[in-house]
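Take a look at the structure below.
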Amino acid sequence: MANSSPTSFPIMEHFYTIQGEGRNAGKASYFFRIGGCDVGCPWCDVKESWDDGHPKMTIQEIINCASEAEAKNIVITGGEPCMYDLSELTSKLKSAGFNLWIETSGAYEITGDWDWIVVSPKRRKSCLPSSLKKASELKVVVLRTMDFDWAVEHAKSVSSECALYFQPEWSREEEMLPEVINFVKGNPDWQISLQTHKYMQIP
Ligand code: SF4
């Protein structure tokens with residue numbers, strides 16, 4: 001934990017767009033990407049987010065940006081946002097009336113009050129059992145066939161309401177998508193998530 005309930009965060013980038021992935025795909029969402037991540041996925045497509053030295057934004061500045069865009073949904077992502085205590089952030093954003101979604105590897109304790117929690121476990125740093133219990137959505141990025149068994153192991157620790165998704169890793173999509181389709185046909189508790197924002201060529 002970096003410190004307790006910070007009131008400002010290093011924001012690598014922020015933008016109003018369409019959520020491309022998972023259960024909320026297709027919904028307009030204001031993304032805030034908090035800098036800082038020590039997970040180190042080799043295929044990470046936002047390595048600039050590993051640095052926690054990005055310019056800080058206060059919670060009020062975050063609210064102002066999303067309000068000016070007339071956004072209803074806010075996505076807090078990273079980096080690994082759960083390296084920070086997010087209690088104060090979610091408390092203020094909730095009071096301002098936003099729906100709050102978070103995307104995390106689950107490697108750190110999930111703090112704050114969220115409407116939708118996406119846990120996407122990574123091999124480089126184990127997912128906490130407490131994170132899996134809190135997950136609204138378990139999203140496993142598939143790079144190779146062995147990831148299916150690994151995903152099923154994680155799914156044993158989520159709640160019965162948790163939505164289960166496989167998402168082919170973008171650079172491996174052509175190769176892995178047929179395998180994901182086959183797996184989901186044989187295991188209908190799972191669904192497919194595609195990075196539709198990349199098809200739409202939006203951030
Ligand atoms: Fe990148 Fe996310 Fe992995 Fe961190 S957890 S290295 S931000 S993919």
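Following the order of the structure tokens, first chain is A, next is B, and so on, with residues numbered from 1 inside each chain and ligands from 1 in the order they appear.
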For the interface of chain A with ligand 1 (cut-off 6 Å, counting only C-alpha atoms and all ligand atoms), please tabulate each contacting residue of chain A alongside its nearest pair of atoms and their separation in Å to one decimal, rows sorted by chain and increasing number, as a Markdown table.
| residue | atom | partner | partner_atom_place_in_ligand_line | distance |
| --- | --- | --- | --- | --- |
| A:Cys37 | CA | ligand 1 | 4 (Fe) | 4.9 |
| A:Val39 | CA | ligand 1 | 6 (S) | 4.9 |
| A:Gly40 | CA | ligand 1 | 6 (S) | 4.0 |
| A:Cys41 | CA | ligand 1 | 6 (S) | 4.1 |
| A:Cys44 | CA | ligand 1 | 1 (Fe) | 4.1 |
| A:Val46 | CA | ligand 1 | 1 (Fe) | 5.8 |
| A:Lys47 | CA | ligand 1 | 1 (Fe) | 5.9 |
| A:Gly78 | CA | ligand 1 | 7 (S) | 5.4 |
| A:Gly79 | CA | ligand 1 | 7 (S) | 3.7 |
| A:Glu80 | CA | ligand 1 | 4 (Fe) | 5.6 |
| A:Ser105 | CA | ligand 1 | 5 (S) | 5.4 |
Taking 6 positions as the minimum chain separation for residues in the same chain, which residues sit within 12 Å of Pro42 (chain A) when counting only C-alpha atoms? Answer as a PyMOL selection string. chain A and resi 122-124+143+169
Taking only C-alpha atoms into account, which of A:Ser131, A:Phe98, A:Glu103, A:Ile181 comes nearest Arg33 (chain A)? A:Glu103
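Around Ser193 (chain A), within 10 Å and counting only C-alpha atoms, the residues found are Gly20, Glu21, Gly22, Arg23, Ala25, Lys139, Val140, Val141, Leu164, Tyr165, Phe166, Gln167, Pro168 and Val180 of chain A, once anything fewer than 6 positions away on its own chain is removed.
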Alpha helix (DSSP H) residues, from DSSP on the backbone, in region 1-188 of chain A, as a CSV table (one decimal) with all heavy atoms, in the first residue's frame:
chain,number,residue,atom,x,y,z
A,59,ILE,N,-8.7,14.3,-6.2
A,59,ILE,CA,-10.0,13.7,-6.4
A,59,ILE,C,-11.0,14.7,-7.0
A,59,ILE,O,-11.8,14.4,-7.9
A,59,ILE,CB,-10.6,13.1,-5.1
A,59,ILE,CG1,-9.7,12.0,-4.6
A,59,ILE,CG2,-12.0,12.6,-5.3
A,59,ILE,CD1,-10.0,11.4,-3.2
A,60,GLN,N,-10.9,16.0,-6.6
A,60,GLN,CA,-11.9,17.0,-7.1
A,60,GLN,C,-11.6,17.2,-8.6
A,60,GLN,O,-12.5,17.3,-9.4
A,60,GLN,CB,-11.7,18.3,-6.4
A,60,GLN,CG,-12.8,19.3,-6.7
A,60,GLN,CD,-14.2,18.8,-6.5
A,60,GLN,OE1,-14.5,18.2,-5.4
A,60,GLN,NE2,-15.1,18.9,-7.5
A,61,GLU,N,-10.3,17.2,-9.0
A,61,GLU,CA,-10.0,17.3,-10.5
A,61,GLU,C,-10.5,16.1,-11.3
A,61,GLU,O,-11.0,16.3,-12.4
A,61,GLU,CB,-8.5,17.5,-10.6
A,61,GLU,CG,-8.0,18.8,-10.2
A,61,GLU,CD,-6.4,18.9,-10.1
A,61,GLU,OE1,-5.8,17.9,-10.0
A,61,GLU,OE2,-5.9,20.0,-10.2
A,62,ILE,N,-10.5,15.0,-10.7
A,62,ILE,CA,-11.0,13.8,-11.3
A,62,ILE,C,-12.5,13.9,-11.5
A,62,ILE,O,-13.1,13.7,-12.6
A,62,ILE,CB,-10.7,12.5,-10.5
A,62,ILE,CG1,-9.2,12.2,-10.6
A,62,ILE,CG2,-11.5,11.3,-10.9
A,62,ILE,CD1,-8.6,11.1,-9.7
A,63,ILE,N,-13.2,14.4,-10.5
A,63,ILE,CA,-14.7,14.6,-10.5
A,63,ILE,C,-15.0,15.6,-11.6
A,63,ILE,O,-15.9,15.5,-12.4
A,63,ILE,CB,-15.2,15.0,-9.2
A,63,ILE,CG1,-15.1,13.9,-8.2
A,63,ILE,CG2,-16.6,15.6,-9.3
A,63,ILE,CD1,-15.5,14.2,-6.7
A,64,ASN,N,-14.2,16.7,-11.6
A,64,ASN,CA,-14.5,17.8,-12.6
A,64,ASN,C,-14.3,17.3,-14.0
A,64,ASN,O,-15.2,17.6,-14.9
A,64,ASN,CB,-13.5,19.0,-12.4
A,64,ASN,CG,-13.7,19.7,-11.1
A,64,ASN,OD1,-14.7,19.4,-10.4
A,64,ASN,ND2,-12.8,20.5,-10.6
A,65,CYS,N,-13.3,16.5,-14.3
A,65,CYS,CA,-13.1,16.0,-15.7
A,65,CYS,C,-14.3,15.1,-16.1
A,65,CYS,O,-14.8,15.3,-17.2
A,65,CYS,CB,-11.8,15.1,-15.8
A,65,CYS,SG,-10.4,16.0,-15.9
A,66,ALA,N,-14.7,14.2,-15.3
A,66,ALA,CA,-15.8,13.3,-15.6
A,66,ALA,C,-17.1,14.0,-15.7
A,66,ALA,O,-17.9,13.8,-16.6
A,66,ALA,CB,-15.9,12.2,-14.6
A,67,SER,N,-17.3,15.0,-14.8
A,67,SER,CA,-18.5,15.8,-14.9
A,67,SER,C,-18.6,16.7,-16.1
A,67,SER,O,-19.7,16.7,-16.8
A,67,SER,CB,-18.6,16.8,-13.7
A,67,SER,OG,-18.6,16.0,-12.5
A,68,GLU,N,-17.5,17.3,-16.5
A,68,GLU,CA,-17.5,18.1,-17.7
A,68,GLU,C,-17.8,17.3,-19.0
A,68,GLU,O,-18.4,17.8,-19.9
A,68,GLU,CB,-16.1,18.8,-17.9
A,68,GLU,CG,-16.0,20.1,-17.1
A,68,GLU,CD,-14.6,20.6,-16.9
A,68,GLU,OE1,-13.7,20.2,-17.7
A,68,GLU,OE2,-14.3,21.2,-15.8
A,87,SER,N,-10.2,4.1,-0.8
A,87,SER,CA,-11.4,4.4,0.0
A,87,SER,C,-11.9,5.8,-0.2
A,87,SER,O,-13.1,6.0,-0.5
A,87,SER,CB,-11.2,4.1,1.4
A,87,SER,OG,-10.6,2.9,1.6
A,88,GLU,N,-11.0,6.7,0.0
A,88,GLU,CA,-11.4,8.2,-0.1
A,88,GLU,C,-11.9,8.5,-1.5
A,88,GLU,O,-12.9,9.2,-1.7
A,88,GLU,CB,-10.2,9.0,0.3
A,88,GLU,CG,-10.5,10.5,0.4
A,88,GLU,CD,-11.4,10.9,1.5
A,88,GLU,OE1,-11.7,10.1,2.4
A,88,GLU,OE2,-11.8,12.1,1.6
A,89,LEU,N,-11.2,8.0,-2.5
A,89,LEU,CA,-11.5,8.2,-3.9
A,89,LEU,C,-13.0,7.7,-4.2
A,89,LEU,O,-13.8,8.5,-4.7
A,89,LEU,CB,-10.5,7.5,-4.8
A,89,LEU,CG,-10.8,7.6,-6.3
A,89,LEU,CD1,-10.6,9.0,-6.9
A,89,LEU,CD2,-9.9,6.6,-7.1
A,90,THR,N,-13.3,6.5,-3.8
A,90,THR,CA,-14.6,6.0,-4.2
A,90,THR,C,-15.7,6.7,-3.4
A,90,THR,O,-16.8,6.9,-3.9
A,90,THR,CB,-14.7,4.5,-4.0
A,90,THR,OG1,-14.4,4.1,-2.6
A,90,THR,CG2,-13.7,3.7,-4.9
A,91,SER,N,-15.4,7.0,-2.1
A,91,SER,CA,-16.3,7.7,-1.3
A,91,SER,C,-16.8,9.0,-2.0
A,91,SER,O,-18.0,9.3,-2.1
A,91,SER,CB,-15.7,7.9,0.1
A,91,SER,OG,-16.4,8.9,0.8
A,92,LYS,N,-15.8,9.8,-2.4
A,92,LYS,CA,-16.1,11.1,-3.0
A,92,LYS,C,-16.7,10.9,-4.4
A,92,LYS,O,-17.7,11.7,-4.8
A,92,LYS,CB,-14.8,11.9,-3.2
A,92,LYS,CG,-14.1,12.3,-1.9
A,92,LYS,CD,-14.5,13.7,-1.5
A,92,LYS,CE,-14.2,14.1,-0.1
A,92,LYS,NZ,-12.8,14.0,0.2
A,93,LEU,N,-16.3,10.0,-5.2
A,93,LEU,CA,-16.9,9.8,-6.5
A,93,LEU,C,-18.3,9.3,-6.4
A,93,LEU,O,-19.2,9.6,-7.2
A,93,LEU,CB,-16.0,8.8,-7.4
A,93,LEU,CG,-14.6,9.3,-7.8
A,93,LEU,CD1,-13.9,8.2,-8.6
A,93,LEU,CD2,-14.6,10.6,-8.5
A,94,LYS,N,-18.5,8.4,-5.4
A,94,LYS,CA,-19.9,7.9,-5.2
A,94,LYS,C,-20.8,9.1,-4.8
A,94,LYS,O,-21.9,9.2,-5.3
A,94,LYS,CB,-19.9,6.9,-4.0
A,94,LYS,CG,-19.6,5.6,-4.4
A,94,LYS,CD,-20.9,4.8,-4.6
A,94,LYS,CE,-20.5,3.5,-5.4
A,94,LYS,NZ,-21.5,3.1,-6.3
A,95,SER,N,-20.3,10.0,-3.9
A,95,SER,CA,-21.1,11.1,-3.5
A,95,SER,C,-21.4,12.0,-4.7
A,95,SER,O,-22.5,12.7,-4.7
A,95,SER,CB,-20.4,11.9,-2.4
A,95,SER,OG,-20.1,11.2,-1.3
A,129,PRO,N,-6.6,-14.3,-2.5
A,129,PRO,CA,-7.9,-14.9,-2.4
A,129,PRO,C,-9.0,-13.9,-2.1
A,129,PRO,O,-10.2,-14.0,-2.6
A,129,PRO,CB,-7.7,-15.9,-1.2
A,129,PRO,CG,-6.3,-16.2,-1.2
A,129,PRO,CD,-5.6,-14.9,-1.7
A,130,SER,N,-8.7,-12.9,-1.3
A,130,SER,CA,-9.7,-11.8,-1.0
A,130,SER,C,-10.1,-11.1,-2.2
A,130,SER,O,-11.3,-10.6,-2.3
A,130,SER,CB,-9.1,-10.9,0.1
A,130,SER,OG,-8.0,-10.3,-0.4
A,131,SER,N,-9.2,-10.9,-3.2
A,131,SER,CA,-9.6,-10.2,-4.4
A,131,SER,C,-10.6,-11.0,-5.2
A,131,SER,O,-11.5,-10.5,-5.8
A,131,SER,CB,-8.4,-9.9,-5.2
A,131,SER,OG,-7.5,-9.1,-4.6
A,132,LEU,N,-10.3,-12.3,-5.3
A,132,LEU,CA,-11.1,-13.2,-6.1
A,132,LEU,C,-12.6,-13.3,-5.5
A,132,LEU,O,-13.6,-13.3,-6.2
A,132,LEU,CB,-10.6,-14.6,-6.1
A,132,LEU,CG,-9.3,-14.8,-7.0
A,132,LEU,CD1,-8.6,-16.1,-6.7
A,132,LEU,CD2,-9.6,-14.6,-8.5
A,133,LYS,N,-12.6,-13.2,-4.1
A,133,LYS,CA,-14.0,-13.2,-3.5
A,133,LYS,C,-14.8,-12.0,-3.8
A,133,LYS,O,-16.0,-12.0,-3.9
A,133,LYS,CB,-13.8,-13.3,-2.0
A,133,LYS,CG,-13.5,-14.7,-1.5
A,133,LYS,CD,-13.8,-14.9,0.0
A,133,LYS,CE,-13.5,-16.3,0.4
A,133,LYS,NZ,-12.0,-16.6,0.4
A,134,LYS,N,-14.1,-10.9,-4.0
A,134,LYS,CA,-14.8,-9.6,-4.3
A,134,LYS,C,-15.1,-9.4,-5.7
A,134,LYS,O,-15.9,-8.5,-6.1
A,134,LYS,CB,-13.9,-8.4,-3.8
A,134,LYS,CG,-13.8,-8.2,-2.4
A,134,LYS,CD,-13.1,-6.9,-2.1
A,134,LYS,CE,-13.0,-6.6,-0.6
A,134,LYS,NZ,-12.2,-5.4,-0.3
A,147,ASP,N,-3.4,-21.7,-20.2
A,147,ASP,CA,-4.1,-20.6,-19.4
A,147,ASP,C,-5.5,-21.1,-19.1
A,147,ASP,O,-6.1,-20.6,-18.1
A,147,ASP,CB,-4.1,-19.3,-20.2
A,147,ASP,CG,-2.7,-18.7,-20.3
A,147,ASP,OD1,-1.9,-18.9,-19.4
A,147,ASP,OD2,-2.5,-17.9,-21.3
A,148,PHE,N,-6.1,-22.0,-19.8
A,148,PHE,CA,-7.4,-22.5,-19.5
A,148,PHE,C,-7.5,-23.1,-18.1
A,148,PHE,O,-8.4,-22.8,-17.3
A,148,PHE,CB,-8.0,-23.4,-20.6
A,148,PHE,CG,-8.2,-22.7,-21.9
A,148,PHE,CD1,-7.4,-23.0,-23.0
A,148,PHE,CD2,-9.2,-21.8,-22.1
A,148,PHE,CE1,-7.6,-22.4,-24.2
A,148,PHE,CE2,-9.4,-21.1,-23.3
A,148,PHE,CZ,-8.6,-21.4,-24.4
A,149,ASP,N,-6.6,-24.1,-17.9
A,149,ASP,CA,-6.6,-24.7,-16.5
A,149,ASP,C,-6.3,-23.7,-15.4
A,149,ASP,O,-6.9,-23.8,-14.3
A,149,ASP,CB,-5.5,-25.8,-16.5
A,149,ASP,CG,-5.9,-27.1,-17.3
A,149,ASP,OD1,-7.1,-27.1,-17.7
A,149,ASP,OD2,-5.1,-27.9,-17.6
A,150,TRP,N,-5.4,-22.8,-15.7
A,150,TRP,CA,-5.0,-21.8,-14.7
A,150,TRP,C,-6.3,-21.0,-14.4
A,150,TRP,O,-6.5,-20.6,-13.2
A,150,TRP,CB,-3.9,-21.0,-15.3
A,150,TRP,CG,-3.2,-20.0,-14.4
A,150,TRP,CD1,-2.4,-20.3,-13.4
A,150,TRP,CD2,-3.4,-18.6,-14.5
A,150,TRP,NE1,-2.0,-19.1,-12.8
A,150,TRP,CE2,-2.5,-18.1,-13.5
A,150,TRP,CE3,-4.1,-17.7,-15.3
A,150,TRP,CZ2,-2.4,-16.7,-13.2
A,150,TRP,CZ3,-4.0,-16.3,-15.0
A,150,TRP,CH2,-3.1,-15.8,-14.0
A,151,ALA,N,-7.0,-20.6,-15.4
A,151,ALA,CA,-8.3,-19.8,-15.2
A,151,ALA,C,-9.3,-20.6,-14.3
A,151,ALA,O,-9.9,-20.1,-13.4
A,151,ALA,CB,-8.9,-19.5,-16.5
A,152,VAL,N,-9.5,-21.9,-14.7
A,152,VAL,CA,-10.5,-22.7,-14.0
A,152,VAL,C,-10.1,-22.8,-12.5
A,152,VAL,O,-10.9,-22.8,-11.6
A,152,VAL,CB,-10.6,-24.1,-14.7
A,152,VAL,CG1,-11.4,-25.0,-13.8
A,152,VAL,CG2,-11.2,-23.9,-16.0
A,153,GLU,N,-8.8,-22.9,-12.2
A,153,GLU,CA,-8.3,-22.9,-10.8
A,153,GLU,C,-8.8,-21.6,-10.1
A,153,GLU,O,-9.3,-21.7,-9.0
A,153,GLU,CB,-6.8,-23.0,-10.8
A,153,GLU,CG,-6.2,-24.3,-10.4
A,153,GLU,CD,-7.0,-25.2,-9.5
A,153,GLU,OE1,-7.0,-25.0,-8.3
A,153,GLU,OE2,-7.5,-26.2,-10.1
A,154,HIS,N,-8.6,-20.5,-10.7
A,154,HIS,CA,-9.0,-19.2,-10.1
A,154,HIS,C,-10.5,-19.1,-9.9
A,154,HIS,O,-11.0,-18.6,-8.9
A,154,HIS,CB,-8.5,-18.0,-11.0
A,154,HIS,CG,-7.0,-17.7,-10.8
A,154,HIS,ND1,-6.0,-18.5,-11.4
A,154,HIS,CD2,-6.4,-16.8,-10.0
A,154,HIS,CE1,-4.9,-18.0,-11.1
A,154,HIS,NE2,-5.0,-17.0,-10.2
A,155,ALA,N,-11.2,-19.7,-10.9
A,155,ALA,CA,-12.7,-19.6,-10.8
A,155,ALA,C,-13.2,-20.3,-9.6
A,155,ALA,O,-14.4,-20.0,-9.2
A,155,ALA,CB,-13.3,-20.1,-12.1
A,173,GLU,N,-4.5,-13.0,-30.7
A,173,GLU,CA,-5.9,-13.3,-30.9
A,173,GLU,C,-6.2,-14.2,-32.1
A,173,GLU,O,-7.0,-15.2,-31.9
A,173,GLU,CB,-6.7,-12.0,-31.1
A,173,GLU,CG,-8.2,-12.2,-31.1
A,173,GLU,CD,-9.0,-10.9,-31.1
A,173,GLU,OE1,-9.1,-10.3,-30.0
A,173,GLU,OE2,-9.6,-10.6,-32.1
A,174,GLU,N,-5.5,-14.1,-33.2
A,174,GLU,CA,-5.8,-14.9,-34.3
A,174,GLU,C,-5.6,-16.4,-34.0
A,174,GLU,O,-6.4,-17.3,-34.3
A,174,GLU,CB,-4.9,-14.5,-35.5
A,174,GLU,CG,-5.4,-15.0,-36.8
A,174,GLU,CD,-4.5,-14.4,-37.9
A,174,GLU,OE1,-4.0,-13.3,-37.8
A,174,GLU,OE2,-4.4,-15.2,-38.9
A,175,GLU,N,-4.6,-16.7,-33.2
A,175,GLU,CA,-4.2,-18.0,-32.9
A,175,GLU,C,-5.1,-18.6,-31.7
A,175,GLU,O,-5.5,-19.7,-31.8
A,175,GLU,CB,-2.7,-18.0,-32.4
A,175,GLU,CG,-2.1,-19.4,-32.4
A,175,GLU,CD,-0.6,-19.3,-32.1
A,175,GLU,OE1,-0.1,-18.2,-32.2
A,175,GLU,OE2,0.0,-20.3,-31.8
A,176,MET,N,-5.4,-17.7,-30.7
A,176,MET,CA,-6.0,-18.2,-29.5
A,176,MET,C,-7.6,-18.2,-29.6
A,176,MET,O,-8.2,-18.9,-28.9
A,176,MET,CB,-5.6,-17.4,-28.3
A,176,MET,CG,-4.1,-17.6,-27.9
A,176,MET,SD,-3.6,-19.4,-27.9
A,176,MET,CE,-4.6,-20.1,-26.7
A,177,LEU,N,-8.1,-17.3,-30.5
A,177,LEU,CA,-9.6,-17.2,-30.5
A,177,LEU,C,-10.3,-18.5,-30.8
A,177,LEU,O,-11.3,-18.9,-30.1
A,177,LEU,CB,-10.0,-16.1,-31.4
A,177,LEU,CG,-11.5,-15.8,-31.4
A,177,LEU,CD1,-12.1,-15.4,-30.0
A,177,LEU,CD2,-11.9,-14.6,-32.4
A,178,PRO,N,-9.8,-19.3,-31.8
A,178,PRO,CA,-10.5,-20.6,-32.0
A,178,PRO,C,-10.5,-21.5,-30.8
A,178,PRO,O,-11.5,-22.2,-30.5
A,178,PRO,CB,-9.7,-21.2,-33.2
A,178,PRO,CG,-9.0,-20.0,-33.8
A,178,PRO,CD,-8.8,-19.0,-32.8
A,179,GLU,N,-9.4,-21.4,-30.1
A,179,GLU,CA,-9.3,-22.3,-28.8
A,179,GLU,C,-10.2,-21.8,-27.8
A,179,GLU,O,-10.8,-22.5,-27.0
A,179,GLU,CB,-7.9,-22.3,-28.3
A,179,GLU,CG,-6.9,-23.0,-29.2
A,179,GLU,CD,-5.7,-23.5,-28.5
A,179,GLU,OE1,-5.8,-24.0,-27.4
A,179,GLU,OE2,-4.6,-23.5,-29.1
A,180,VAL,N,-10.3,-20.5,-27.6
A,180,VAL,CA,-11.3,-19.9,-26.7
A,180,VAL,C,-12.7,-20.2,-27.0
A,180,VAL,O,-13.5,-20.6,-26.2
A,180,VAL,CB,-11.1,-18.3,-26.6
A,180,VAL,CG1,-12.2,-17.7,-25.7
A,180,VAL,CG2,-9.7,-18.0,-26.0
A,181,ILE,N,-13.0,-20.1,-28.3
A,181,ILE,CA,-14.4,-20.5,-28.7
A,181,ILE,C,-14.7,-21.9,-28.4
A,181,ILE,O,-15.8,-22.2,-27.8
A,181,ILE,CB,-14.5,-20.2,-30.3
A,181,ILE,CG1,-14.5,-18.7,-30.6
A,181,ILE,CG2,-15.9,-20.9,-30.8
A,181,ILE,CD1,-14.4,-18.4,-32.0
A,182,ASN,N,-13.8,-22.8,-28.7
A,182,ASN,CA,-14.0,-24.2,-28.4
A,182,ASN,C,-14.1,-24.5,-26.9
A,182,ASN,O,-15.0,-25.2,-26.4
A,182,ASN,CB,-12.8,-25.1,-28.8
A,182,ASN,CG,-13.0,-25.5,-30.3
A,182,ASN,OD1,-14.1,-25.5,-30.7
A,182,ASN,ND2,-11.9,-25.9,-30.9
A,183,PHE,N,-13.3,-23.8,-26.1
A,183,PHE,CA,-13.4,-24.0,-24.6
A,183,PHE,C,-14.7,-23.5,-24.1
A,183,PHE,O,-15.4,-24.2,-23.3
A,183,PHE,CB,-12.2,-23.2,-23.9
A,183,PHE,CG,-12.2,-23.6,-22.5
A,183,PHE,CD1,-11.4,-24.6,-22.0
A,183,PHE,CD2,-13.0,-22.9,-21.5
A,183,PHE,CE1,-11.4,-24.9,-20.6
A,183,PHE,CE2,-13.0,-23.2,-20.2
A,183,PHE,CZ,-12.2,-24.2,-19.7
A,184,VAL,N,-15.2,-22.4,-24.5
A,184,VAL,CA,-16.4,-21.8,-24.0
A,184,VAL,C,-17.6,-22.7,-24.5
A,184,VAL,O,-18.6,-22.9,-23.7
A,184,VAL,CB,-16.6,-20.3,-24.5
A,184,VAL,CG1,-18.0,-19.8,-24.2
A,184,VAL,CG2,-15.6,-19.5,-23.7
A,185,LYS,N,-17.6,-23.2,-25.7
A,185,LYS,CA,-18.6,-24.1,-26.1
A,185,LYS,C,-18.7,-25.4,-25.2
A,185,LYS,O,-19.8,-25.9,-24.9
A,185,LYS,CB,-18.4,-24.6,-27.6
A,185,LYS,CG,-18.8,-23.4,-28.5
A,185,LYS,CD,-18.2,-23.7,-29.9
A,185,LYS,CE,-19.0,-24.6,-30.7
A,185,LYS,NZ,-18.5,-24.7,-32.1
A,186,GLY,N,-17.6,-25.8,-24.7
A,186,GLY,CA,-17.6,-27.0,-23.8
A,186,GLY,C,-17.8,-26.6,-22.3
A,186,GLY,O,-18.0,-27.5,-21.5
If you run DSSP on the backbone, which residues of region 42-157 of chain A are strand (DSSP E), as a list in words? Lys56, Met57, Thr58, Asn73, Ile74, Val75, Ile76, Thr77, Asn99, Leu100, Trp101, Ile102, Glu103, Thr104, Trp116, Ile117, Val118, Val119, Glu137, Leu138, Lys139, Val140, Val141 and Val142 of chain A
Using C-alpha atoms, can you export the residues from the last selection as a CSV table (one decimal), in the first residue's frame?
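Written out: out.csv:
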chain,number,residue,atom,x,y,z
A,56,LYS,CA,-1.0,14.0,-9.8
A,57,MET,CA,-4.7,14.8,-10.0
A,58,THR,CA,-6.7,15.5,-7.0
A,73,ASN,CA,-19.5,5.6,-15.5
A,74,ILE,CA,-15.9,5.9,-14.3
A,75,VAL,CA,-13.3,3.2,-14.8
A,76,ILE,CA,-10.3,3.2,-12.5
A,77,THR,CA,-7.5,1.2,-14.1
A,99,ASN,CA,-21.0,4.4,-11.2
A,100,LEU,CA,-17.6,3.1,-10.3
A,101,TRP,CA,-15.8,0.3,-12.0
A,102,ILE,CA,-12.3,-1.0,-11.3
A,103,GLU,CA,-9.8,-3.2,-13.2
A,104,THR,CA,-7.2,-4.9,-11.2
A,116,TRP,CA,-18.2,-3.5,-10.7
A,117,ILE,CA,-14.9,-5.2,-9.9
A,118,VAL,CA,-12.9,-6.8,-12.7
A,119,VAL,CA,-10.2,-9.0,-11.5
A,137,GLU,CA,-16.0,-10.4,-13.1
A,138,LEU,CA,-13.0,-12.7,-13.5
A,139,LYS,CA,-11.3,-11.9,-16.8
A,140,VAL,CA,-8.5,-14.2,-17.8
A,141,VAL,CA,-6.3,-13.1,-20.7
A,142,VAL,CA,-5.4,-16.1,-22.8
Suppose you want the space between CA of Ile110 (chain A) and CA of Ser4 (chain A); what is it in Å? 12.9 Å
Compare A:Trp170, A:Asn24, A:Ala107, A:Met200 by their minimum atom-to-atom distance to Ser136 (chain A), counting only C-alpha atoms, and give me the closest one. A:Asn24
Rank A:Glu70, A:Asp113, A:Ser171, A:Lys27 by their smallest atom-to-atom distance to Lys198 (chain A), using only C-alpha atoms, and report the top residue only. A:Ser171
So what do you get for CA of Ser126 (chain A) versus CA of Glu109 (chain A), distance-wise?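 Separation of CA of Ser126 (chain A) and CA of Glu109 (chain A): 11.8 Å.
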One decimal, Å: what's the distance from CA of Ala163 (chain A) over to CA of Ile192 (chain A), could you say?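 Pair CA of Ala163 (chain A) / CA of Ile192 (chain A) returns 10.6 Å.
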Could you give me, as a PyMOL selection string, the residues within 9 Å of His197 (chain A), counting only C-alpha atoms and dropping anything in the same chain fewer than 4 positions from it? chain A and resi 17-21+25-26+201-203
Residue selection dump (N, CA and C atoms) as a short mmCIF file (atom, residue, chain, number, x, y, z; two decimals), in the first residue's frame:
data_model
loop_
_atom_site.label_atom_id
_atom_site.label_comp_id
_atom_site.auth_asym_id
_atom_site.auth_seq_id
_atom_site.Cartn_x
_atom_site.Cartn_y
_atom_site.Cartn_z
N THR A 17 -14.39 7.46 -23.25
CA THR A 17 -14.45 6.54 -24.40
C THR A 17 -15.56 5.52 -24.18
N ILE A 18 -15.47 4.43 -24.92
CA ILE A 18 -16.41 3.31 -24.77
C ILE A 18 -15.64 2.16 -24.14
N GLN A 19 -16.15 1.60 -23.06
CA GLN A 19 -15.52 0.41 -22.48
C GLN A 19 -15.58 -0.69 -23.53
N GLY A 20 -14.44 -1.28 -23.86
CA GLY A 20 -14.42 -2.27 -24.93
C GLY A 20 -14.55 -3.71 -24.46
N GLU A 21 -14.31 -3.97 -23.17
CA GLU A 21 -14.13 -5.35 -22.72
C GLU A 21 -15.15 -5.77 -21.67
N ALA A 25 -18.90 -3.88 -21.79
CA ALA A 25 -18.49 -3.49 -23.15
C ALA A 25 -19.63 -2.74 -23.84
N GLY A 26 -19.26 -1.68 -24.52
CA GLY A 26 -20.24 -0.90 -25.27
C GLY A 26 -20.77 0.29 -24.52
N GLN A 201 -11.00 1.22 -33.00
CA GLN A 201 -9.86 2.15 -33.08
C GLN A 201 -10.07 3.37 -32.21
N ILE A 202 -10.50 3.07 -30.98
CA ILE A 202 -10.63 4.13 -29.98
C ILE A 202 -9.78 3.71 -28.77
N PRO A 203 -9.46 4.65 -27.87
CA PRO A 203 -8.58 4.27 -26.76
C PRO A 203 -9.24 3.30 -25.79
#
